[in-house]
There are 2 protein chains.
Amino acid sequence: MDFKMKKFRDINLKLTPQRLAIFEYLDDNKSHPSAEDIYLEIRKKYPTISFATVYKTLEALKKQGLLLELTIDPERRRYDPGTEHHHHLICIDCKKIVDIHADFRVDVPEDAKGSFEMLGNHIEFYGLCPECKKKG
Amino acid sequence: MDFKMKKFRDINLKLTPQRLAIFEYLDDNKSHPSAEDIYLEIRKKYPTISFATVYKTLEALKKQGLLLELTIDPERRRYDPGTEHHHHLICIDCKKIVDIHADFRVDVPEDAKGSFEMLGNHIEFYGLCPECKKKG
DNA sequence: TATTTAAGGATAATCATTATGGATTTTAAA
DNA sequence: TTTAAAATCCATAATGATTATCCTTAAATA
């Protein structure tokens with residue numbers, strides 16, 4: 001976290017208590033929270049924080065490449081502080097998201113990609129988590 | 001298309017001109033249109049059609065498995081009448097989406113998936129399309 | 001500590017999507 | 001055909017997530 005604080009300063013972002021709280025909450029967070037999840041959590045400590053602050057902080061983190069915005073839950077955006085390349089498994093029922101750290105060979109055949117310049121990939125796995133499977 | 005019309009009847013959906021127009025537009029459509037794209041197109045022929053009708057028709061098609069709802073463009077939902085399993089390549093600039101029909105082995109290691117019941121997967125490739133690459 | 005400059009917070013605006021409800025059209029049956 | 005029942009249409013309002021605005025306040029730095 002110290003490491004990240006430094007990065008903040010380096011990039012001309014002011015360090016405020018609200019940002020630090022968001023930062024701490026996200027650090028090592030594997031729950032892929034939505035903006036609302038973050039807002040509700042931080043509000044416990046800073047009851048006057050507004051959604052605007054949350055969104056603006058997320059935007060800043062994204063710009064620095066410290067945060068990934070996931071487009072996997074159709075209902076809302078999810079945020080992932082994970083930094084190395086990985087994939088996701090989502091429960092189609094409760095929408096829980098789990099990281100998948102594994103290396104897959106997924107090279108698009110030349111004829112399929114045309115003259116696209118390929119930059120990256122992301123695999124979404126769909127399934128039922130143990131809890132939801134139990135419920136039926 | 002006849003084939004799909006039959007399906008419509010089979011499933012107790014009334015055939016209306018608006019629905020037929022949406023249907024025709026989607027048939028063999030590889031452009032992954034948004035609801036607005038569809039609305040704007042159909043409006044040329046049926047100037048009074050409303051967004052509600054578009055969304056309800058899309059919903060009906062989804063329920064029958066004739067249409068896939070893509071959560072790949074963070075700004076809006078895209079629709080894909082493609083029926084067999086395939087993946088997508090999206091231009092990070094213009095958001096164009098291209099189908100990738102290829103078979104990838106992407107089996108999640110046992111330890112990574114826990115006791116999830118795996119149901120499917122979808123690979124998103126990111127890149128720059130030829131047009132956007134040219135523009136820089 | 002003073003000055004500059006960005007951030008915070010309240011709130012309004014926007015945009016995609018969903019819900020509502022009365023008028024209209026389709027379907028199916030007489 | 002004619003008609004009754006049911007589903008659809010469309011206009012519009014409601015919702016919910018995200019973004020923009022604007023004024024006040026706080027952080028950085030000399």
# chains A, B, ... in the order shown; residues from 1 in each chain; ligands from 1
>>> select_by_dssp(residues="segment 53-128 of chain B", states="alpha helix (DSSP H)", output="list in words")
Thr53, Val54, Tyr55, Lys56, Thr57, Leu58, Glu59, Ala60, Leu61, Lys62, Lys63, Glu110, Asp111, Ala112 and Lys113 of chain B
>>> write_last_selection(atoms="N, CA, C and O atoms", output="PDB file, in the first residue's frame")
ATOM      1  N   THR B  53     -41.016  -1.699 -27.806  1.00  0.00           N
ATOM      2  CA  THR B  53     -41.267  -2.831 -28.696  1.00  0.00           C
ATOM      3  C   THR B  53     -39.969  -3.540 -29.046  1.00  0.00           C
ATOM      4  O   THR B  53     -39.900  -4.769 -29.068  1.00  0.00           O
ATOM      5  N   VAL B  54     -38.935  -2.754 -29.309  1.00  0.00           N
ATOM      6  CA  VAL B  54     -37.643  -3.355 -29.624  1.00  0.00           C
ATOM      7  C   VAL B  54     -37.162  -4.194 -28.445  1.00  0.00           C
ATOM      8  O   VAL B  54     -36.827  -5.373 -28.597  1.00  0.00           O
ATOM      9  N   TYR B  55     -37.158  -3.609 -27.282  1.00  0.00           N
ATOM     10  CA  TYR B  55     -36.657  -4.338 -26.113  1.00  0.00           C
ATOM     11  C   TYR B  55     -37.486  -5.580 -25.820  1.00  0.00           C
ATOM     12  O   TYR B  55     -36.950  -6.628 -25.481  1.00  0.00           O
ATOM     13  N   LYS B  56     -38.800  -5.462 -25.980  1.00  0.00           N
ATOM     14  CA  LYS B  56     -39.635  -6.632 -25.687  1.00  0.00           C
ATOM     15  C   LYS B  56     -39.404  -7.742 -26.689  1.00  0.00           C
ATOM     16  O   LYS B  56     -39.387  -8.920 -26.331  1.00  0.00           O
ATOM     17  N   THR B  57     -39.207  -7.378 -27.937  1.00  0.00           N
ATOM     18  CA  THR B  57     -38.938  -8.391 -28.947  1.00  0.00           C
ATOM     19  C   THR B  57     -37.592  -9.066 -28.693  1.00  0.00           C
ATOM     20  O   THR B  57     -37.472 -10.285 -28.790  1.00  0.00           O
ATOM     21  N   LEU B  58     -36.608  -8.264 -28.336  1.00  0.00           N
ATOM     22  CA  LEU B  58     -35.296  -8.836 -28.041  1.00  0.00           C
ATOM     23  C   LEU B  58     -35.395  -9.799 -26.861  1.00  0.00           C
ATOM     24  O   LEU B  58     -34.809 -10.890 -26.874  1.00  0.00           O
ATOM     25  N   GLU B  59     -36.148  -9.392 -25.874  1.00  0.00           N
ATOM     26  CA  GLU B  59     -36.346 -10.239 -24.703  1.00  0.00           C
ATOM     27  C   GLU B  59     -36.959 -11.578 -25.100  1.00  0.00           C
ATOM     28  O   GLU B  59     -36.512 -12.647 -24.663  1.00  0.00           O
ATOM     29  N   ALA B  60     -37.964 -11.493 -25.957  1.00  0.00           N
ATOM     30  CA  ALA B  60     -38.629 -12.720 -26.403  1.00  0.00           C
ATOM     31  C   ALA B  60     -37.666 -13.624 -27.157  1.00  0.00           C
ATOM     32  O   ALA B  60     -37.641 -14.838 -26.952  1.00  0.00           O
ATOM     33  N   LEU B  61     -36.864 -13.026 -28.018  1.00  0.00           N
ATOM     34  CA  LEU B  61     -35.914 -13.821 -28.793  1.00  0.00           C
ATOM     35  C   LEU B  61     -34.866 -14.460 -27.885  1.00  0.00           C
ATOM     36  O   LEU B  61     -34.468 -15.604 -28.070  1.00  0.00           O
ATOM     37  N   LYS B  62     -34.430 -13.704 -26.912  1.00  0.00           N
ATOM     38  CA  LYS B  62     -33.468 -14.243 -25.949  1.00  0.00           C
ATOM     39  C   LYS B  62     -34.033 -15.476 -25.262  1.00  0.00           C
ATOM     40  O   LYS B  62     -33.373 -16.508 -25.157  1.00  0.00           O
ATOM     41  N   LYS B  63     -35.253 -15.340 -24.798  1.00  0.00           N
ATOM     42  CA  LYS B  63     -35.881 -16.434 -24.052  1.00  0.00           C
ATOM     43  C   LYS B  63     -35.946 -17.719 -24.866  1.00  0.00           C
ATOM     44  O   LYS B  63     -35.951 -18.811 -24.324  1.00  0.00           O
ATOM     45  N   GLU B 110      -8.835 -27.990 -11.990  1.00  0.00           N
ATOM     46  CA  GLU B 110      -9.717 -28.372 -10.881  1.00  0.00           C
ATOM     47  C   GLU B 110      -9.582 -27.468  -9.662  1.00  0.00           C
ATOM     48  O   GLU B 110     -10.560 -27.012  -9.086  1.00  0.00           O
ATOM     49  N   ASP B 111      -8.335 -27.216  -9.283  1.00  0.00           N
ATOM     50  CA  ASP B 111      -8.124 -26.454  -8.056  1.00  0.00           C
ATOM     51  C   ASP B 111      -8.574 -25.003  -8.199  1.00  0.00           C
ATOM     52  O   ASP B 111      -8.951 -24.357  -7.235  1.00  0.00           O
ATOM     53  N   ALA B 112      -8.589 -24.509  -9.437  1.00  0.00           N
ATOM     54  CA  ALA B 112      -8.973 -23.112  -9.630  1.00  0.00           C
ATOM     55  C   ALA B 112     -10.490 -22.932  -9.571  1.00  0.00           C
ATOM     56  O   ALA B 112     -10.983 -21.926  -9.094  1.00  0.00           O
ATOM     57  N   LYS B 113     -11.196 -23.932 -10.033  1.00  0.00           N
ATOM     58  CA  LYS B 113     -12.646 -23.749 -10.112  1.00  0.00           C
ATOM     59  C   LYS B 113     -13.384 -24.182  -8.851  1.00  0.00           C
ATOM     60  O   LYS B 113     -14.586 -23.936  -8.728  1.00  0.00           O
TER      61      LYS B 113
END
>>> select_by_dssp(residues="segment 6-119 of chain B", states="strand (DSSP E)", output="number ranges by chain")
B: 68-70, 78-80, 87-91, 97-100, 117-119
>>> write_last_selection(atoms="N, CA, C and O atoms", output="compact mmCIF listing (two decimals), in the first residue's frame")
# COMPACT_ATOMS: atom_id res chain seq x y z
N LEU B 68 -28.37 -13.86 -28.62
CA LEU B 68 -27.44 -13.77 -27.51
C LEU B 68 -27.28 -12.31 -27.11
O LEU B 68 -27.17 -11.44 -27.98
N GLU B 69 -27.27 -12.05 -25.83
CA GLU B 69 -27.03 -10.69 -25.36
C GLU B 69 -25.58 -10.59 -24.95
O GLU B 69 -25.13 -11.31 -24.06
N LEU B 70 -24.84 -9.71 -25.60
CA LEU B 70 -23.41 -9.60 -25.31
C LEU B 70 -23.14 -8.51 -24.28
O LEU B 70 -23.64 -7.39 -24.39
N ARG B 78 -25.22 -5.42 -26.60
CA ARG B 78 -25.20 -5.73 -28.03
C ARG B 78 -25.89 -7.07 -28.22
O ARG B 78 -25.85 -7.92 -27.34
N TYR B 79 -26.47 -7.25 -29.40
CA TYR B 79 -27.22 -8.47 -29.66
C TYR B 79 -26.63 -9.24 -30.82
O TYR B 79 -26.18 -8.66 -31.81
N ASP B 80 -26.64 -10.54 -30.66
CA ASP B 80 -25.97 -11.42 -31.62
C ASP B 80 -26.88 -12.59 -31.94
O ASP B 80 -27.13 -13.45 -31.11
N HIS B 87 -16.71 -16.89 -30.25
CA HIS B 87 -16.11 -15.86 -29.40
C HIS B 87 -16.08 -14.53 -30.15
O HIS B 87 -16.56 -14.45 -31.27
N HIS B 88 -15.55 -13.50 -29.50
CA HIS B 88 -15.61 -12.17 -30.13
C HIS B 88 -14.31 -11.40 -30.00
O HIS B 88 -13.59 -11.52 -29.01
N LEU B 89 -14.12 -10.60 -31.03
CA LEU B 89 -12.97 -9.71 -31.08
C LEU B 89 -13.53 -8.31 -31.16
O LEU B 89 -14.35 -8.00 -32.02
N ILE B 90 -13.14 -7.44 -30.23
CA ILE B 90 -13.70 -6.09 -30.21
C ILE B 90 -12.59 -5.06 -30.42
O ILE B 90 -11.50 -5.19 -29.85
N CYS B 91 -12.87 -4.09 -31.25
CA CYS B 91 -11.92 -3.00 -31.46
C CYS B 91 -12.05 -2.03 -30.29
O CYS B 91 -13.13 -1.50 -30.03
N ILE B 97 -17.40 -5.21 -33.34
CA ILE B 97 -17.27 -6.58 -32.83
C ILE B 97 -17.27 -7.56 -33.99
O ILE B 97 -18.11 -7.47 -34.89
N VAL B 98 -16.33 -8.49 -33.96
CA VAL B 98 -16.19 -9.48 -35.02
C VAL B 98 -16.28 -10.88 -34.40
O VAL B 98 -15.72 -11.12 -33.33
N ASP B 99 -17.00 -11.76 -35.06
CA ASP B 99 -17.10 -13.13 -34.57
C ASP B 99 -15.81 -13.88 -34.77
O ASP B 99 -15.13 -13.72 -35.79
N ILE B 100 -15.49 -14.72 -33.80
CA ILE B 100 -14.35 -15.62 -33.94
C ILE B 100 -14.87 -17.05 -33.79
O ILE B 100 -15.25 -17.47 -32.69
N GLU B 117 -19.88 -25.47 -10.70
CA GLU B 117 -20.32 -26.29 -11.83
C GLU B 117 -20.13 -25.46 -13.10
O GLU B 117 -20.78 -24.44 -13.30
N MET B 118 -19.25 -25.91 -13.94
CA MET B 118 -18.89 -25.13 -15.12
C MET B 118 -19.93 -25.30 -16.22
O MET B 118 -20.33 -26.41 -16.55
N LEU B 119 -20.37 -24.18 -16.78
CA LEU B 119 -21.44 -24.27 -17.77
C LEU B 119 -21.06 -23.75 -19.16
O LEU B 119 -21.67 -24.13 -20.15
>>> closest_atom_pairs(of="chain D", to="chain B", cutoff="9 Å", atoms="only C-alpha atoms (C1' of nucleotides)", output="CSV")
residue,atom,partner,partner_atom,distance
D:DA7,C1',B:Lys14,CA,7.5
D:DT8,C1',B:Lys14,CA,8.0
D:DC9,C1',B:Thr53,CA,7.2
D:DC10,C1',B:Ser50,CA,5.8
D:DA11,C1',B:Ser50,CA,8.1
>>> interface_residues(of="chain C", to="chain A", cutoff="8 Å", atoms="only C-alpha atoms (C1' of nucleotides)", output="compact mmCIF listing (two decimals) with C-alpha atoms (C1' of nucleotides), in the first residue's frame")
# COMPACT_ATOMS: atom_id res chain seq x y z
C1' DA C 6 -7.27 19.87 -7.02
C1' DA C 7 -10.80 17.25 -4.46
C1' DG C 8 -15.15 16.69 -1.96
C1' DG C 9 -19.96 16.73 -1.77
>>> interface_residues(of="chain A", to="chain B", cutoff="6 Å", atoms="only C-alpha atoms", output="PyMOL selection string")
chain A and resi 71+74+115-130
